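model30.csv follows (CSV, C-alpha atoms):
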chain,number,residue,atom,x,y,z
A,1,MET,CA,89.5,-6.4,119.0
A,2,MET,CA,86.8,-3.8,118.4
A,3,PRO,CA,88.0,-0.3,119.1
A,4,ARG,CA,86.3,1.2,122.1
A,5,MET,CA,83.9,3.9,121.1
A,6,ALA,CA,85.3,7.3,122.1
A,7,GLU,CA,83.2,8.6,125.0
A,8,LYS,CA,81.4,11.8,124.2
A,9,SER,CA,82.7,14.9,125.9
A,10,ILE,CA,80.8,16.4,128.8
A,11,GLU,CA,79.7,19.2,126.4
A,12,GLU,CA,78.3,16.8,123.8
A,13,THR,CA,76.9,13.9,125.7
A,14,GLU,CA,73.1,13.3,126.0
A,15,ASP,CA,73.7,11.9,129.5
A,16,PHE,CA,72.7,14.1,132.4
A,17,ARG,CA,75.6,13.8,134.9
A,18,PRO,CA,75.7,17.0,136.9
A,19,ASN,CA,79.1,17.9,138.1
A,20,PHE,CA,78.7,18.6,141.9
A,21,ASN,CA,81.4,20.5,143.6
A,22,ALA,CA,83.5,19.4,146.6
A,23,ASP,CA,80.5,20.2,148.8
A,24,GLY,CA,78.2,18.1,146.7
A,25,LEU,CA,76.4,21.2,145.3
A,26,VAL,CA,75.8,22.7,141.9
A,27,PRO,CA,74.6,26.3,141.4
A,28,ALA,CA,71.1,26.6,140.0
A,29,VAL,CA,69.7,29.7,138.3
A,30,ALA,CA,66.0,30.3,138.2
A,31,THR,CA,64.6,32.4,135.4
A,32,SER,CA,61.0,33.4,134.7
A,33,ALA,CA,59.0,31.4,132.2
A,34,ALA,CA,56.9,34.5,131.7
A,35,ASP,CA,59.6,37.0,130.7
A,36,GLY,CA,63.0,35.3,130.9
A,37,ARG,CA,64.0,37.5,133.8
A,38,LEU,CA,66.7,36.3,136.2
A,39,LEU,CA,65.0,35.5,139.5
A,40,MET,CA,67.5,34.0,141.9
A,41,LEU,CA,70.6,31.8,142.3
A,42,ALA,CA,70.6,28.9,144.8
A,43,TYR,CA,72.3,25.5,145.2
A,44,MET,CA,71.1,22.0,144.6
A,45,ASN,CA,72.5,18.7,145.9
A,46,GLU,CA,71.8,15.4,144.3
A,47,GLU,CA,68.6,15.0,146.3
A,48,ALA,CA,67.4,18.4,145.3
A,49,VAL,CA,68.0,17.6,141.6
A,50,ARG,CA,66.1,14.3,142.0
A,51,LYS,CA,63.2,15.8,143.9
A,52,THR,CA,62.9,18.7,141.4
A,53,ILE,CA,62.7,16.2,138.5
A,54,GLU,CA,60.3,13.9,140.4
A,55,THR,CA,57.9,16.6,141.5
A,56,GLY,CA,58.2,19.4,138.9
A,57,GLU,CA,58.7,21.8,141.9
A,58,ALA,CA,62.0,23.5,142.5
A,59,HIS,CA,64.0,22.1,145.4
A,60,TYR,CA,67.3,23.5,146.7
A,61,TRP,CA,69.8,22.8,149.4
A,62,SER,CA,69.9,25.5,152.0
A,63,ARG,CA,73.6,26.0,152.9
A,64,SER,CA,72.7,28.1,156.0
A,65,ARG,CA,70.1,25.6,157.4
A,66,LYS,CA,71.8,22.6,156.0
A,67,GLU,CA,68.6,21.0,154.7
A,68,LEU,CA,66.7,20.3,151.6
A,69,TRP,CA,64.2,23.0,150.9
A,70,ARG,CA,61.2,23.1,148.6
A,71,LYS,CA,61.0,26.6,147.3
A,72,GLY,CA,57.8,28.2,148.8
A,73,ALA,CA,57.3,25.5,151.5
A,74,THR,CA,56.9,28.1,154.1
A,75,SER,CA,56.4,31.3,152.1
A,76,GLY,CA,54.0,29.8,149.5
A,77,ASN,CA,56.2,31.4,146.8
A,78,ARG,CA,56.7,28.1,144.9
A,79,GLN,CA,58.3,27.5,141.6
A,80,ARG,CA,56.8,25.2,139.0
A,81,VAL,CA,59.5,24.0,136.7
A,82,VAL,CA,58.6,24.4,133.1
A,83,GLU,CA,62.0,23.4,131.8
A,84,MET,CA,65.3,22.3,133.4
A,85,ARG,CA,68.6,22.8,131.6
A,86,THR,CA,72.2,22.2,132.2
A,87,ASP,CA,75.3,24.0,130.9
A,88,CYS,CA,78.2,22.9,128.7
A,89,ASP,CA,80.3,21.6,131.6
A,90,GLN,CA,77.2,20.4,133.5
A,91,ASP,CA,78.3,22.3,136.6
A,92,ALA,CA,75.4,24.6,136.6
A,93,ILE,CA,71.6,24.2,136.3
A,94,GLN,CA,68.9,26.5,134.8
A,95,LEU,CA,65.3,26.2,136.0
A,96,ILE,CA,62.8,28.0,133.9
A,97,VAL,CA,59.9,28.4,136.3
A,98,GLU,CA,56.4,29.7,136.8
A,99,GLN,CA,57.0,31.7,139.9
A,100,THR,CA,54.2,32.2,142.4
A,101,GLY,CA,54.6,35.5,144.2
A,102,PRO,CA,58.0,37.1,144.6
A,103,ALA,CA,61.1,34.9,144.2
A,104,CYS,CA,63.2,36.8,146.8
A,105,HIS,CA,62.8,36.3,150.5
A,106,THR,CA,62.9,40.1,150.9
A,107,GLY,CA,59.6,40.3,149.0
A,108,ARG,CA,61.1,41.6,145.8
A,109,ARG,CA,60.3,39.8,142.5
A,110,SER,CA,63.9,39.0,141.8
A,111,CYS,CA,66.9,38.8,144.2
A,112,PHE,CA,68.9,40.9,141.8
A,113,TYR,CA,67.3,44.3,142.8
A,114,ARG,CA,70.5,46.3,143.2
A,115,ILE,CA,72.8,47.7,140.6
A,116,VAL,CA,76.4,48.1,141.3
A,117,ASP,CA,77.1,51.8,140.7
A,118,THR,CA,80.1,51.6,138.4
A,119,PRO,CA,82.6,53.1,138.0
A,120,ALA,CA,82.4,54.1,141.7
A,121,GLY,CA,81.9,50.4,142.4
A,122,ALA,CA,81.4,50.6,146.1
A,123,LYS,CA,77.8,51.8,146.1
A,124,LEU,CA,74.5,50.0,145.2
A,125,GLN,CA,71.5,51.5,143.6
A,126,PHE,CA,68.1,49.9,144.5
A,127,VAL,CA,65.9,49.3,141.4
A,128,GLU,CA,63.0,47.5,143.0
A,129,GLU,CA,60.9,48.3,146.0
A,130,ILE,CA,59.9,45.6,148.6
B,1,MET,CA,76.5,57.9,175.0
B,2,MET,CA,74.9,58.1,171.6
B,3,PRO,CA,73.3,54.8,170.6
B,4,ARG,CA,75.2,53.2,167.7
B,5,MET,CA,73.2,53.3,164.5
B,6,ALA,CA,71.9,49.8,163.7
B,7,GLU,CA,73.9,48.6,160.7
B,8,LYS,CA,71.8,47.9,157.6
B,9,SER,CA,71.3,44.2,156.8
B,10,ILE,CA,73.2,42.8,153.8
B,11,GLU,CA,69.9,42.8,151.9
B,12,GLU,CA,69.2,46.5,152.5
B,13,THR,CA,72.6,48.1,152.5
B,14,GLU,CA,73.7,50.4,149.7
B,15,ASP,CA,77.3,49.2,150.3
B,16,PHE,CA,78.6,46.7,147.8
B,17,ARG,CA,80.4,44.0,149.7
B,18,PRO,CA,80.4,40.8,147.8
B,19,ASN,CA,80.3,37.7,150.0
B,20,PHE,CA,83.1,35.6,148.5
B,21,ASN,CA,83.1,31.9,149.4
B,22,ALA,CA,85.8,29.9,151.1
B,23,ASP,CA,87.7,29.8,147.7
B,24,GLY,CA,87.4,33.6,147.4
B,25,LEU,CA,84.9,33.3,144.6
B,26,VAL,CA,81.4,34.4,143.9
B,27,PRO,CA,79.2,33.0,141.0
B,28,ALA,CA,78.4,35.4,138.2
B,29,VAL,CA,75.6,35.0,135.8
B,30,ALA,CA,75.8,36.7,132.5
B,31,THR,CA,72.5,37.6,130.8
B,32,SER,CA,72.0,39.2,127.4
B,33,ALA,CA,71.3,43.0,127.3
B,34,ALA,CA,69.5,42.4,124.0
B,35,ASP,CA,66.9,39.9,125.1
B,36,GLY,CA,67.5,39.0,128.7
B,37,ARG,CA,68.5,35.4,127.9
B,38,LEU,CA,70.7,33.5,130.3
B,39,LEU,CA,74.1,33.1,128.6
B,40,MET,CA,76.6,31.6,131.1
B,41,LEU,CA,77.6,31.1,134.7
B,42,ALA,CA,81.2,31.6,135.8
B,43,TYR,CA,83.1,32.7,138.9
B,44,MET,CA,84.7,36.0,139.9
B,45,ASN,CA,87.3,36.6,142.5
B,46,GLU,CA,87.9,40.0,144.0
B,47,GLU,CA,90.3,41.0,141.2
B,48,ALA,CA,87.8,39.9,138.5
B,49,VAL,CA,85.1,42.1,140.2
B,50,ARG,CA,87.5,45.1,140.3
B,51,LYS,CA,88.7,44.7,136.7
B,52,THR,CA,85.2,44.3,135.5
B,53,ILE,CA,84.2,47.5,137.2
B,54,GLU,CA,87.3,49.3,136.0
B,55,THR,CA,87.2,48.3,132.4
B,56,GLY,CA,83.5,47.6,131.7
B,57,GLU,CA,84.5,44.3,130.2
B,58,ALA,CA,83.6,41.0,131.9
B,59,HIS,CA,86.4,39.3,133.8
B,60,TYR,CA,86.2,36.0,135.5
B,61,TRP,CA,88.4,33.6,137.5
B,62,SER,CA,89.2,30.4,135.7
B,63,ARG,CA,89.0,27.6,138.2
B,64,SER,CA,90.6,25.1,135.8
B,65,ARG,CA,93.5,27.4,134.7
B,66,LYS,CA,93.7,29.2,138.0
B,67,GLU,CA,94.0,32.5,136.4
B,68,LEU,CA,92.1,35.8,135.9
B,69,TRP,CA,90.5,35.7,132.5
B,70,ARG,CA,89.0,38.5,130.4
B,71,LYS,CA,86.1,37.0,128.5
B,72,GLY,CA,86.9,36.9,124.9
B,73,ALA,CA,90.7,37.5,125.4
B,74,THR,CA,91.5,34.6,123.1
B,75,SER,CA,88.1,33.9,121.4
B,76,GLY,CA,87.2,37.5,120.7
B,77,ASN,CA,83.8,36.8,122.2
B,78,ARG,CA,83.9,39.6,124.7
B,79,GLN,CA,81.2,40.9,127.0
B,80,ARG,CA,80.7,44.6,127.4
B,81,VAL,CA,79.0,45.1,130.7
B,82,VAL,CA,75.9,47.3,130.5
B,83,GLU,CA,74.8,46.7,134.1
B,84,MET,CA,76.2,44.8,137.1
B,85,ARG,CA,73.9,43.7,139.9
B,86,THR,CA,74.2,41.8,143.1
B,87,ASP,CA,71.6,39.7,144.9
B,88,CYS,CA,70.0,39.9,148.3
B,89,ASP,CA,72.7,38.1,150.1
B,90,GLN,CA,75.5,39.6,147.9
B,91,ASP,CA,76.8,36.1,147.2
B,92,ALA,CA,76.0,36.2,143.5
B,93,ILE,CA,76.6,38.7,140.7
B,94,GLN,CA,74.6,39.4,137.5
B,95,LEU,CA,76.2,40.9,134.5
B,96,ILE,CA,73.9,42.3,131.9
B,97,VAL,CA,76.1,42.2,128.8
B,98,GLU,CA,76.4,43.1,125.1
B,99,GLN,CA,77.8,39.8,124.0
B,100,THR,CA,80.1,39.6,120.9
B,101,GLY,CA,79.6,36.3,119.2
B,102,PRO,CA,78.6,33.2,121.1
B,103,ALA,CA,78.9,33.2,124.9
B,104,CYS,CA,79.7,29.4,125.0
B,105,HIS,CA,83.1,27.9,124.3
B,106,THR,CA,81.3,25.2,122.3
B,107,GLY,CA,80.3,27.9,119.8
B,108,ARG,CA,76.6,28.0,121.0
B,109,ARG,CA,75.0,31.3,121.9
B,110,SER,CA,74.3,30.2,125.4
B,111,CYS,CA,75.9,27.6,127.6
B,112,PHE,CA,72.5,26.3,128.5
B,113,TYR,CA,71.7,24.5,125.3
B,114,ARG,CA,70.5,21.2,126.7
B,115,ILE,CA,67.2,20.4,128.3
B,116,VAL,CA,67.0,17.7,131.0
B,117,ASP,CA,64.4,15.4,129.7
B,118,THR,CA,62.2,15.1,132.8
B,119,PRO,CA,60.6,13.0,134.1
B,120,ALA,CA,63.2,10.5,132.8
B,121,GLY,CA,65.8,12.8,134.2
B,122,ALA,CA,68.8,11.0,132.9
B,123,LYS,CA,68.8,12.2,129.3
B,124,LEU,CA,69.5,15.5,127.7
B,125,GLN,CA,67.9,17.0,124.7
B,126,PHE,CA,69.9,19.4,122.6
B,127,VAL,CA,68.1,22.6,121.7
B,128,GLU,CA,70.9,24.6,120.0
B,129,GLU,CA,73.3,23.6,117.2
B,130,ILE,CA,76.9,24.5,117.3
Rewrite the structure of this file - the entire thing - as structure tokens.
Amino acid sequence: MMPRMAEKSIEETEDFRPNFNADGLVPAVATSAADGRLLMLAYMNEEAVRKTIETGEAHYWSRSRKELWRKGATSGNRQRVVEMRTDCDQDAIQLIVEQTGPACHTGRRSCFYRIVDTPAGAKLQFVEEI
Amino acid sequence: MMPRMAEKSIEETEDFRPNFNADGLVPAVATSAADGRLLMLAYMNEEAVRKTIETGEAHYWSRSRKELWRKGATSGNRQRVVEMRTDCDQDAIQLIVEQTGPACHTGRRSCFYRIVDTPAGAKLQFVEEI
């Protein structure tokens, strides 16, 4: 009998098989194609991953509204996907995007607009105006 | 009676109150202080957040080993935290870090070393050697 080829590990395979969590979701981090800046973190289900690949526009799963959501569908602040990546364990996604307008629903460019004031730790310092 | 001051929304408060999920975790994204590059995504529980603030070294919660983990404790590839941020909903953390060695356990600089080959979608293209 031929020995069965050892299957490649999740870290080394060329097969894209996202590892969705118990809720069927995987976290997705959007970074700016223009300057690499971290814009936001949201979640994708299998349909969001598929729609993002099919359309080249970022789609996410809204956990609060429990529905598929094309980024910018209501705000106009859409994300054209320049590149999509996955990580070593395939349990996270990176979208490198051309962002129209602000990424954050508060009107800020990035959702990460507050620094945790260490070592105090309990206070936040705003670094971006609305 | 004095009217009670309206509490600031989670997006606008200066209070750091991370919104841990049902498992007591919040996703944490590490980016490079040197060039802004996305390095990894992991999870923090309350103790990991506290230890990170106290020590200035990135701590995470290992979901597979079910234990607190100081990044680099075994590999030496530690992360000195230059800045810690939270996002609009306070359900994600950003660590801007000085990374010693590679961030990824595979030996790559970043965990996001594979591009999803859209529109095919099912295949990955490696962009970083070990």
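Minimum atom-to-atom distances from A:Gln125, A:Ser64, A:Ser32, A:Asn21 to Asn45 (chain A) were compared using all atoms listed in the file, and the lowest value belongs to A:Asn21.
The environment of Ala34 (chain A) within 9 Å, counting only C-alpha atoms and disregarding residues fewer than 3 places along the same chain, consists of Thr31, Arg37, Val97, Glu98 and Gln99 of chain A.
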Dump as a PDB file, in the frame of the given file, selection limited to C-alpha atoms:
ATOM      1  CA  THR A  31      64.600  32.400 135.400  1.00  0.00           C
ATOM      2  CA  ARG A  37      64.000  37.500 133.800  1.00  0.00           C
ATOM      3  CA  VAL A  97      59.900  28.400 136.300  1.00  0.00           C
ATOM      4  CA  GLU A  98      56.400  29.700 136.800  1.00  0.00           C
ATOM      5  CA  GLN A  99      57.000  31.700 139.900  1.00  0.00           C
TER       6      GLN A  99
END
**Request:** Return as a ChimeraX atom specification the residues belonging to chain B that are within 6 Å of chain A, counting all atoms listed in the file.
**Result:** /B:14-16,53,84-88,111-112,114-116,118-119,122-124
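Excluding Trp61 (chain B) itself and any same-chain residue fewer than 5 positions from it, the protein and nucleic acid residues within 10 Å of it, counting all atoms listed in the file, are Gly24, Leu25, Val26, Pro27, Ala42, Tyr43, Met44, Asn45, Glu46, Glu47, Ala48, Val49, Lys66, Glu67, Leu68, Trp69, Arg70 and Lys71 of chain B.
Computed from the coordinates, the CA of Arg78 (chain A) to CA of Arg63 (chain A) distance equals 18.8 Å.
For the atom pair formed by CA of Glu57 (chain B) and CA of Thr74 (chain B), the distance is 13.9 Å, given to one decimal.
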**Complete:** In Å and to one decimal, CA of Val81 (chain A) is distant from CA of Ala33 (chain A) by 8.7 Å
Atoms are missing here; could region 45-56 of chain A be completed with all heavy atoms and written as an mmCIF file, in the frame of the given file?
data_model
loop_
_atom_site.group_PDB
_atom_site.id
_atom_site.type_symbol
_atom_site.label_atom_id
_atom_site.label_comp_id
_atom_site.auth_asym_id
_atom_site.auth_seq_id
_atom_site.Cartn_x
_atom_site.Cartn_y
_atom_site.Cartn_z
ATOM 1 N N ASN A 45 71.750 19.971 145.771
ATOM 2 C CA ASN A 45 72.500 18.700 145.900
ATOM 3 C C ASN A 45 71.840 17.655 145.085
ATOM 4 O O ASN A 45 70.845 17.925 144.383
ATOM 5 C CB ASN A 45 72.709 18.365 147.388
ATOM 6 C CG ASN A 45 71.378 18.037 148.055
ATOM 7 O OD1 ASN A 45 70.324 18.129 147.426
ATOM 8 N ND2 ASN A 45 71.427 17.666 149.323
ATOM 9 N N GLU A 46 72.361 16.442 145.151
ATOM 10 C CA GLU A 46 71.800 15.400 144.300
ATOM 11 C C GLU A 46 70.322 15.158 144.606
ATOM 12 O O GLU A 46 69.507 14.971 143.707
ATOM 13 C CB GLU A 46 72.622 14.096 144.500
ATOM 14 C CG GLU A 46 72.313 13.069 143.448
ATOM 15 C CD GLU A 46 73.318 11.916 143.436
ATOM 16 O OE1 GLU A 46 74.152 11.831 144.360
ATOM 17 O OE2 GLU A 46 73.247 11.118 142.485
ATOM 18 N N GLU A 47 69.974 15.194 145.882
ATOM 19 C CA GLU A 47 68.600 15.000 146.300
ATOM 20 C C GLU A 47 67.668 16.079 145.748
ATOM 21 O O GLU A 47 66.546 15.825 145.301
ATOM 22 C CB GLU A 47 68.465 14.845 147.798
ATOM 23 C CG GLU A 47 67.092 14.360 148.235
ATOM 24 C CD GLU A 47 66.930 14.325 149.755
ATOM 25 O OE1 GLU A 47 67.880 14.702 150.479
ATOM 26 O OE2 GLU A 47 65.837 13.923 150.213
ATOM 27 N N ALA A 48 68.159 17.297 145.815
ATOM 28 C CA ALA A 48 67.400 18.400 145.300
ATOM 29 C C ALA A 48 67.116 18.285 143.816
ATOM 30 O O ALA A 48 66.011 18.559 143.328
ATOM 31 C CB ALA A 48 68.079 19.746 145.625
ATOM 32 N N VAL A 49 68.134 17.863 143.072
ATOM 33 C CA VAL A 49 68.000 17.600 141.600
ATOM 34 C C VAL A 49 66.916 16.549 141.403
ATOM 35 O O VAL A 49 66.002 16.714 140.591
ATOM 36 C CB VAL A 49 69.314 17.228 140.978
ATOM 37 C CG1 VAL A 49 69.101 16.751 139.541
ATOM 38 C CG2 VAL A 49 70.305 18.384 141.020
ATOM 39 N N ARG A 50 67.032 15.456 142.163
ATOM 40 C CA ARG A 50 66.100 14.300 142.000
ATOM 41 C C ARG A 50 64.670 14.722 142.334
ATOM 42 O O ARG A 50 63.738 14.448 141.580
ATOM 43 C CB ARG A 50 66.558 13.139 142.826
ATOM 44 C CG ARG A 50 65.934 11.835 142.408
ATOM 45 C CD ARG A 50 66.411 10.656 143.235
ATOM 46 N NE ARG A 50 66.036 10.780 144.627
ATOM 47 C CZ ARG A 50 66.887 10.913 145.642
ATOM 48 N NH1 ARG A 50 68.180 10.932 145.415
ATOM 49 N NH2 ARG A 50 66.446 11.021 146.881
ATOM 50 N N LYS A 51 64.508 15.418 143.450
ATOM 51 C CA LYS A 51 63.200 15.800 143.900
ATOM 52 C C LYS A 51 62.550 16.823 142.902
ATOM 53 O O LYS A 51 61.341 16.814 142.665
ATOM 54 C CB LYS A 51 63.237 16.474 145.280
ATOM 55 C CG LYS A 51 63.544 15.492 146.389
ATOM 56 C CD LYS A 51 62.276 15.123 147.131
ATOM 57 C CE LYS A 51 62.616 14.326 148.379
ATOM 58 N NZ LYS A 51 61.414 13.840 149.062
ATOM 59 N N THR A 52 63.381 17.695 142.368
ATOM 60 C CA THR A 52 62.900 18.700 141.400
ATOM 61 C C THR A 52 62.372 17.954 140.150
ATOM 62 O O THR A 52 61.300 18.267 139.631
ATOM 63 C CB THR A 52 64.013 19.667 141.019
ATOM 64 O OG1 THR A 52 64.410 20.369 142.200
ATOM 65 C CG2 THR A 52 63.558 20.654 139.973
ATOM 66 N N ILE A 53 63.137 16.956 139.701
ATOM 67 C CA ILE A 53 62.700 16.200 138.500
ATOM 68 C C ILE A 53 61.446 15.386 138.844
ATOM 69 O O ILE A 53 60.496 15.367 138.057
ATOM 70 C CB ILE A 53 63.855 15.244 138.074
ATOM 71 C CG1 ILE A 53 65.003 16.079 137.483
ATOM 72 C CG2 ILE A 53 63.346 14.214 137.070
ATOM 73 C CD1 ILE A 53 66.255 15.283 137.154
ATOM 74 N N GLU A 54 61.402 14.765 140.011
ATOM 75 C CA GLU A 54 60.300 13.900 140.400
ATOM 76 C C GLU A 54 58.962 14.695 140.538
ATOM 77 O O GLU A 54 57.891 14.232 140.167
ATOM 78 C CB GLU A 54 60.543 13.172 141.685
ATOM 79 C CG GLU A 54 61.471 11.987 141.535
ATOM 80 C CD GLU A 54 61.866 11.378 142.893
ATOM 81 O OE1 GLU A 54 61.340 11.849 143.935
ATOM 82 O OE2 GLU A 54 62.709 10.468 142.895
ATOM 83 N N THR A 55 59.080 15.891 141.147
ATOM 84 C CA THR A 55 57.900 16.600 141.500
ATOM 85 C C THR A 55 57.511 17.764 140.586
ATOM 86 O O THR A 55 56.376 18.249 140.612
ATOM 87 C CB THR A 55 58.028 17.239 142.933
ATOM 88 O OG1 THR A 55 59.075 18.223 142.893
ATOM 89 C CG2 THR A 55 58.392 16.175 143.964
ATOM 90 N N GLY A 56 58.497 18.216 139.788
ATOM 91 C CA GLY A 56 58.200 19.400 138.900
ATOM 92 C C GLY A 56 58.208 20.691 139.734
ATOM 93 O O GLY A 56 57.813 21.730 139.201
#
